[in-house]
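Q: Data: entry03.txt, compact mmCIF, C-alpha atoms.
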# COMPACT_ATOMS: atom_id res chain seq x y z
CA MET J 1 113.08 204.33 174.87
CA SER J 2 115.11 205.45 171.89
CA GLY J 3 118.05 205.89 174.23
CA ALA J 4 117.85 202.24 175.22
CA GLY J 5 118.44 201.28 171.62
CA ARG J 6 121.70 203.25 171.57
CA ARG J 7 123.15 201.59 174.66
CA ALA J 8 125.48 198.72 174.11
CA GLY J 9 124.71 195.53 175.97
CA PRO J 10 126.91 194.74 178.96
CA THR J 11 129.95 192.57 178.44
CA GLY J 12 129.08 188.93 178.25
CA GLU J 13 125.37 189.51 177.58
CA ARG J 14 124.08 187.22 174.86
CA PRO J 15 122.36 188.90 171.86
CA GLU J 16 119.00 187.31 172.67
CA GLU J 17 119.25 188.55 176.26
CA TYR J 18 119.97 192.07 175.04
CA THR J 19 117.03 191.87 172.62
CA ASP J 20 114.68 190.61 175.34
CA ARG J 21 115.83 193.28 177.77
CA TYR J 22 115.23 196.06 175.28
CA ALA J 23 111.85 194.61 174.28
CA ASP J 24 110.85 194.41 177.95
CA GLU J 25 111.84 198.06 178.48
CA TYR J 26 109.84 199.06 175.41
CA ALA J 27 106.81 197.09 176.63
CA ALA J 28 107.01 198.64 180.10
CA ALA J 29 107.13 202.17 178.67
CA LEU J 30 104.22 201.43 176.36
CA ALA J 31 102.14 199.90 179.17
CA SER J 32 102.65 203.00 181.34
CA ALA J 33 101.43 205.22 178.50
CA LEU J 34 98.18 203.32 177.87
CA ARG J 35 94.81 203.18 179.62
CA GLY J 36 92.20 200.48 179.08
CA PRO J 37 90.84 197.10 180.15
CA VAL J 38 93.53 195.11 181.95
CA ARG J 39 93.35 191.97 179.81
CA ALA J 40 93.07 193.81 176.50
CA LYS J 41 95.96 196.09 177.46
CA ALA J 42 98.17 193.20 178.56
CA ARG J 43 97.44 191.31 175.34
CA LEU J 44 98.15 194.34 173.15
CA VAL J 45 101.41 195.21 174.95
CA ALA J 46 102.55 191.58 174.72
CA GLU J 47 101.88 191.55 170.98
CA MET J 48 103.85 194.77 170.50
CA ARG J 49 106.69 193.49 172.66
CA ASP J 50 106.96 190.21 170.76
CA GLY J 51 106.71 191.98 167.42
CA LEU J 52 109.58 194.31 168.28
CA ALA J 53 111.71 191.45 169.63
CA ASP J 54 111.13 189.45 166.43
CA THR J 55 112.06 192.45 164.28
CA VAL J 56 115.27 193.04 166.22
CA ALA J 57 116.13 189.34 165.98
CA ALA J 58 115.52 189.34 162.23
CA TYR J 59 117.95 192.23 161.71
CA ALA J 60 120.50 190.60 164.02
CA GLU J 61 120.32 187.39 161.99
CA GLU J 62 121.27 189.43 158.94
CA GLY J 63 124.56 190.19 160.65
CA LEU J 64 123.84 193.71 161.93
CA PRO J 65 125.38 194.70 165.28
CA ARG J 66 122.77 194.52 168.00
CA ASP J 67 122.69 198.31 168.60
CA LEU J 68 122.10 198.92 164.91
CA ALA J 69 119.55 196.09 164.78
CA VAL J 70 117.59 197.76 167.60
CA ARG J 71 117.70 201.17 165.92
CA ARG J 72 116.52 199.71 162.61
CA ALA J 73 113.75 197.77 164.34
CA VAL J 74 112.50 200.82 166.24
CA ARG J 75 112.60 202.94 163.09
CA GLU J 76 110.49 200.31 161.32
CA PHE J 77 108.27 199.46 164.27
CA GLY J 78 107.85 202.94 165.71
CA THR J 79 108.85 204.50 169.02
CA VAL J 80 106.54 204.34 172.02
CA ALA J 81 105.41 207.90 171.36
CA GLU J 82 104.57 206.98 167.76
CA VAL J 83 102.64 203.75 168.40
CA ALA J 84 100.89 204.75 171.64
CA PRO J 85 98.10 206.84 170.01
CA ALA J 86 96.98 203.98 167.74
CA CYS J 87 97.18 201.50 170.62
CA GLN J 88 95.21 203.84 172.85
CA ARG J 89 92.45 204.17 170.26
CA GLU J 90 92.12 200.40 170.16
CA LEU J 91 92.00 200.13 173.94
CA THR J 92 89.51 202.99 174.18
CA VAL J 93 87.12 201.12 171.89
CA ALA J 94 87.61 198.00 174.03
CA GLN J 95 86.83 200.00 177.19
CA VAL J 96 83.76 201.56 175.56
CA ARG J 97 82.44 198.10 174.81
CA HIS J 98 83.28 196.87 178.32
CA THR J 99 81.44 199.78 179.94
CA ALA J 100 78.51 199.65 177.53
CA ARG J 101 78.13 195.92 178.14
CA ALA J 102 78.10 196.43 181.92
CA VAL J 103 75.47 199.17 181.65
CA ALA J 104 73.36 197.25 179.13
CA LEU J 105 73.20 194.29 181.54
CA ALA J 106 72.93 196.08 184.89
CA ALA J 107 70.52 198.92 184.10
CA PRO J 108 67.65 196.75 182.79
CA LEU J 109 68.09 194.46 185.79
CA LEU J 110 67.61 197.45 188.09
CA THR J 111 64.51 198.51 186.15
CA VAL J 112 63.07 194.99 186.40
CA CYS J 113 63.76 194.82 190.14
CA TRP J 114 61.96 198.10 190.77
CA TYR J 115 59.08 197.10 188.51
CA LEU J 116 58.60 193.79 190.33
CA PHE J 117 58.60 195.49 193.70
CA LEU J 118 56.26 198.28 192.66
CA THR J 119 53.75 195.91 191.06
CA SER J 120 53.87 193.27 193.79
CA GLY J 121 52.66 193.29 197.34
CA HIS J 122 56.10 194.44 198.46
CA GLY J 123 55.87 197.67 196.48
CA GLY J 124 52.72 198.75 198.26
CA GLN J 125 54.55 198.47 201.57
CA LEU J 126 57.30 200.89 200.56
CA PRO J 127 56.94 204.59 201.44
CA LEU J 128 55.39 206.85 198.78
CA ALA J 129 58.63 208.83 198.44
CA THR J 130 60.52 205.61 197.72
CA ARG J 131 58.05 204.60 195.05
CA LEU J 132 58.22 208.02 193.37
CA LEU J 133 62.02 207.95 193.44
CA ALA J 134 61.96 204.46 191.99
CA PHE J 135 60.21 205.66 188.85
CA SER J 136 62.84 208.31 188.15
CA LEU J 137 65.75 205.97 188.90
CA ALA J 138 64.32 203.19 186.75
CA GLY J 139 63.64 205.62 183.91
CA SER J 140 67.16 207.08 184.02
CA ALA J 141 68.65 203.60 184.09
CA ALA J 142 66.55 202.60 181.07
CA VAL J 143 67.82 205.62 179.10
CA ALA J 144 71.41 204.74 180.04
CA ALA J 145 70.81 201.18 178.86
CA LEU J 146 69.57 202.43 175.48
CA LEU J 147 72.69 204.60 175.09
CA ALA J 148 74.88 201.65 176.02
CA THR J 149 73.18 199.46 173.46
CA ALA J 150 73.78 202.12 170.82
CA ALA J 151 77.48 202.23 171.81
CA LEU J 152 77.77 198.47 171.43
CA ALA J 153 76.20 198.70 167.97
CA ALA J 154 78.53 201.56 166.98
CA THR J 155 81.64 199.56 167.93
CA GLY J 156 80.47 196.09 166.90
CA PRO J 157 81.53 193.89 163.97
CA LEU J 158 79.30 195.73 161.50
CA ALA J 159 80.97 199.03 162.36
CA ARG J 160 84.62 197.93 162.18
CA ARG J 161 85.10 199.53 158.78
CA LEU J 162 83.72 202.84 159.99
CA PRO J 163 85.54 205.30 162.25
CA THR J 164 84.40 205.34 165.87
CA PRO J 165 82.49 208.57 166.64
CA ARG J 166 84.83 210.94 168.43
CA ARG J 167 82.42 211.69 171.27
CA LEU J 168 81.33 208.08 171.80
CA PRO J 169 83.83 207.23 174.59
CA ARG J 170 82.79 210.27 176.63
CA ALA J 171 79.09 209.64 175.99
CA THR J 172 79.47 206.01 177.06
CA ALA J 173 81.37 207.08 180.19
CA TRP J 174 78.56 209.42 181.18
CA ALA J 175 75.94 206.76 180.45
CA GLY J 176 77.88 204.48 182.78
CA THR J 177 78.12 207.24 185.38
CA THR J 178 74.36 207.82 185.18
CA ALA J 179 73.66 204.11 185.58
CA GLY J 180 76.12 203.91 188.48
CA VAL J 181 74.43 206.81 190.26
CA CYS J 182 71.02 205.20 189.75
CA LEU J 183 72.29 201.90 191.11
CA GLY J 184 73.94 203.55 194.09
CA ALA J 185 70.86 205.64 194.89
CA SER J 186 68.68 202.54 194.55
CA ALA J 187 70.92 200.59 196.91
CA LEU J 188 70.72 203.33 199.55
CA THR J 189 66.99 203.82 199.07
CA LEU J 190 66.20 200.12 199.35
CA ALA J 191 68.49 199.69 202.36
CA ALA J 192 66.81 202.60 204.13
CA SER J 193 63.33 201.40 203.19
CA SER J 194 63.73 197.73 204.04
CA PRO J 195 62.96 198.17 207.78
CA LEU J 196 59.75 199.99 206.81
CA SER J 197 58.60 197.15 204.58
CA GLY J 198 56.43 194.39 205.95
CA ASN J 199 58.66 191.86 204.16
CA TRP J 200 62.09 193.43 204.54
CA LEU J 201 64.26 190.55 203.30
CA PRO J 202 63.48 190.83 199.53
CA VAL J 203 63.92 194.60 199.71
CA ALA J 204 67.28 194.22 201.47
CA LEU J 205 68.42 191.62 198.93
CA ALA J 206 67.47 193.93 196.07
CA GLY J 207 69.48 196.70 197.74
CA ALA J 208 72.50 194.41 198.07
CA LEU J 209 72.24 193.47 194.39
CA ALA J 210 72.02 197.15 193.39
CA ALA J 211 75.11 197.90 195.50
CA ALA J 212 77.09 195.11 193.83
CA LEU J 213 76.06 196.27 190.36
CA HIS J 214 76.92 199.86 191.30
CA THR J 215 80.49 198.81 192.13
CA VAL J 216 80.96 197.12 188.75
CA VAL J 217 79.36 199.83 186.62
CA ALA J 218 80.92 202.79 188.45
CA SER J 219 84.45 201.41 188.20
CA SER J 220 83.99 200.66 184.49
CA ALA J 221 82.59 204.15 183.86
CA ARG J 222 85.58 205.69 185.65
CA ALA J 223 87.97 203.68 183.46
CA CYS J 224 86.05 204.81 180.37
CA ARG J 225 86.43 208.45 181.42
CA ASP J 226 90.19 207.89 181.82
CA CYS J 227 90.36 206.43 178.29
CA ALA J 228 88.34 209.32 176.87
CA ARG J 229 90.83 211.78 178.35
CA ALA J 230 93.92 209.81 177.26
Step by step, read the file and then write its structure as structure tokens.
A:
Amino acid sequence: MSGAGRRAGPTGERPEEYTDRYADEYAAALASALRGPVRAKARLVAEMRDGLADTVAAYAEEGLPRDLAVRRAVREFGTVAEVAPACQRELTVAQVRHTARAVALAAPLLTVCWYLFLTSGHGGQLPLATRLLAFSLAGSAAVAALLATAALAATGPLARRLPTPRRLPRATAWAGTTAGVCLGASALTLAASSPLSGNWLPVALAGALAAALHTVVASSARACRDCARA
């Protein structure tokens, strides 16, 4: 991107058009270097883009040639390579909270579904192997939910003045992966067991719900792993 600041604008290009073009190139390069939630990433990149454009415009209003105004602005603002690490840290925290929130909501719901089936007349109709598997899946999901709750507390308003633990993104990603596996296994188990149940419709509906939650949690956990590696 630093090379873009050294290129002169084409003949006839207005200064504001040149500024916008450079700011758009900067924003595109920054966006390609970052990983994180789509909305948070778009908002952060837009803020950086507008900030750079305003800085370039301010120097241009002082009478500096537009090439020099861009170079001064980038030196003050920072190149993409310089600002990307700080931006990525912010997006990683946002992704941690997104994943933790998904796990904290989905995992207890899975545990409640299994509990209701195992303690109701429907649970007695399920095969013994299904009921035994349900206990382990519900327990693993509950542990993942506790870890997710801890991640939300560690990145919440009360923790903004403290550094985010270095291993927290990876731990949250694996908590999400664990919850996703539990949800996926529950969906398959319930789908396979529904024909064996005397009242198959509630079992099938619970399996469909587990499958939908699995899709949400697994995709969020995968994004969290990407952020942890970035």
Q: What's the 6 Å shell around segment 42-50 of chain J, counting only C-alpha atoms, without same-chain residues fewer than 2 positions away, as a ChimeraX atom specification?
A: /J:23,27,39-40,52-53
Q: For a quick check of understanding, using only C-alpha atoms, which of J:Ala187, J:Thr99, J:Leu168, J:Leu147 has the smallest distance to Ala134 of chain J?
A: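 Under the stated criterion, the closest residue is J:Ala187.
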Q: Can you pull out every residue within 12 Å of Arg167 of chain J, counting all atoms listed in the file, but drop anything in the same chain fewer than 3 positions away, and send it as a PyMOL selection string?
A: chain J and resi 92-93+96+151+154+163-164+170-174+224-225+227-229
Q: Have a look at atom CA of Asp226 of chain J and atom CA of Arg35 of chain J and let me know their distance in Å, one decimal.
A: 7.0 Å
Q: Pick from J:Gly51, J:Pro202, J:Gly139, J:Gly156: nearest to Thr178 of chain J, with all atoms listed in the file counted?
A: J:Gly139
Q: Using only C-alpha atoms, which residue out of J:Ala191, J:Ala148, J:Ala31, J:Leu205 lies closest to Arg97 of chain J?
A: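 The shortest atom-to-atom distance to Arg97 of chain J comes from J:Ala148.
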Q: Counting all atoms listed in the file, figure out which residue out of J:Leu30, J:Ala58, J:Asp67, J:Tyr115 gets nearest to Val83 of chain J.
A: J:Leu30
Q: Which is closest to Arg101 of chain J among J:Gln88, J:Glu25, J:Val143, J:Ala153, if we use all atoms listed in the file?
A: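 Of all the options, J:Ala153 lies closest to Arg101 of chain J.
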Q: Might you pull out every residue within 9 Å of Ala60 of chain J, with only C-alpha atoms counted and same-chain residues fewer than 5 positions away left off, and present them as a PyMOL selection string?
A: chain J and resi 15+55+65-66+68-70
Q: Report the distance between atom CA of Val56 of chain J and atom CA of Ala84 of chain J in Å, rounded to one decimal place.
A: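 Here the two named atoms are 19.3 Å from each other.
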Q: Any idea what the distance is between atom CA of Leu152 of chain J and atom CA of Gly184 of chain J?
A: 23.5 Å
Q: Quick one: residues within 7 Å of Val203 of chain J, all atoms listed in the file, excluding same-chain residues fewer than 3 positions away - as a ChimeraX atom specification?
A: /J:190,194,200,206-207
Q: Within 9 Å of segment 210-218 of chain J, which residues of segment 71-163 of chain J come that close, and what is the closest atom pair and distance in Å for each? Count all atoms listed in the file and give it as a tab-separated table.
A:
residue	atom	partner	partner_atom	distance
J:Thr99	CA	J:Val217	CA	7.0
J:Ala102	CA	J:Val217	CA	5.9
J:Val103	CA	J:Val217	CA	6.3
J:Ala106	CA	J:Leu213	CA	6.3
J:Ala107	CA	J:Leu213	CA	8.8
J:Leu109	CA	J:Ala210	CA	9.0
J:Leu110	CA	J:Ala210	CA	6.9
Q: Using only C-alpha atoms, which of J:Gln95, J:Thr149, J:Ala185, J:Ala73 sits nearest Ser219 of chain J?
A: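 Going through J:Gln95, J:Thr149, J:Ala185, J:Ala73 one by one, the smallest distance to Ser219 of chain J is for J:Gln95.
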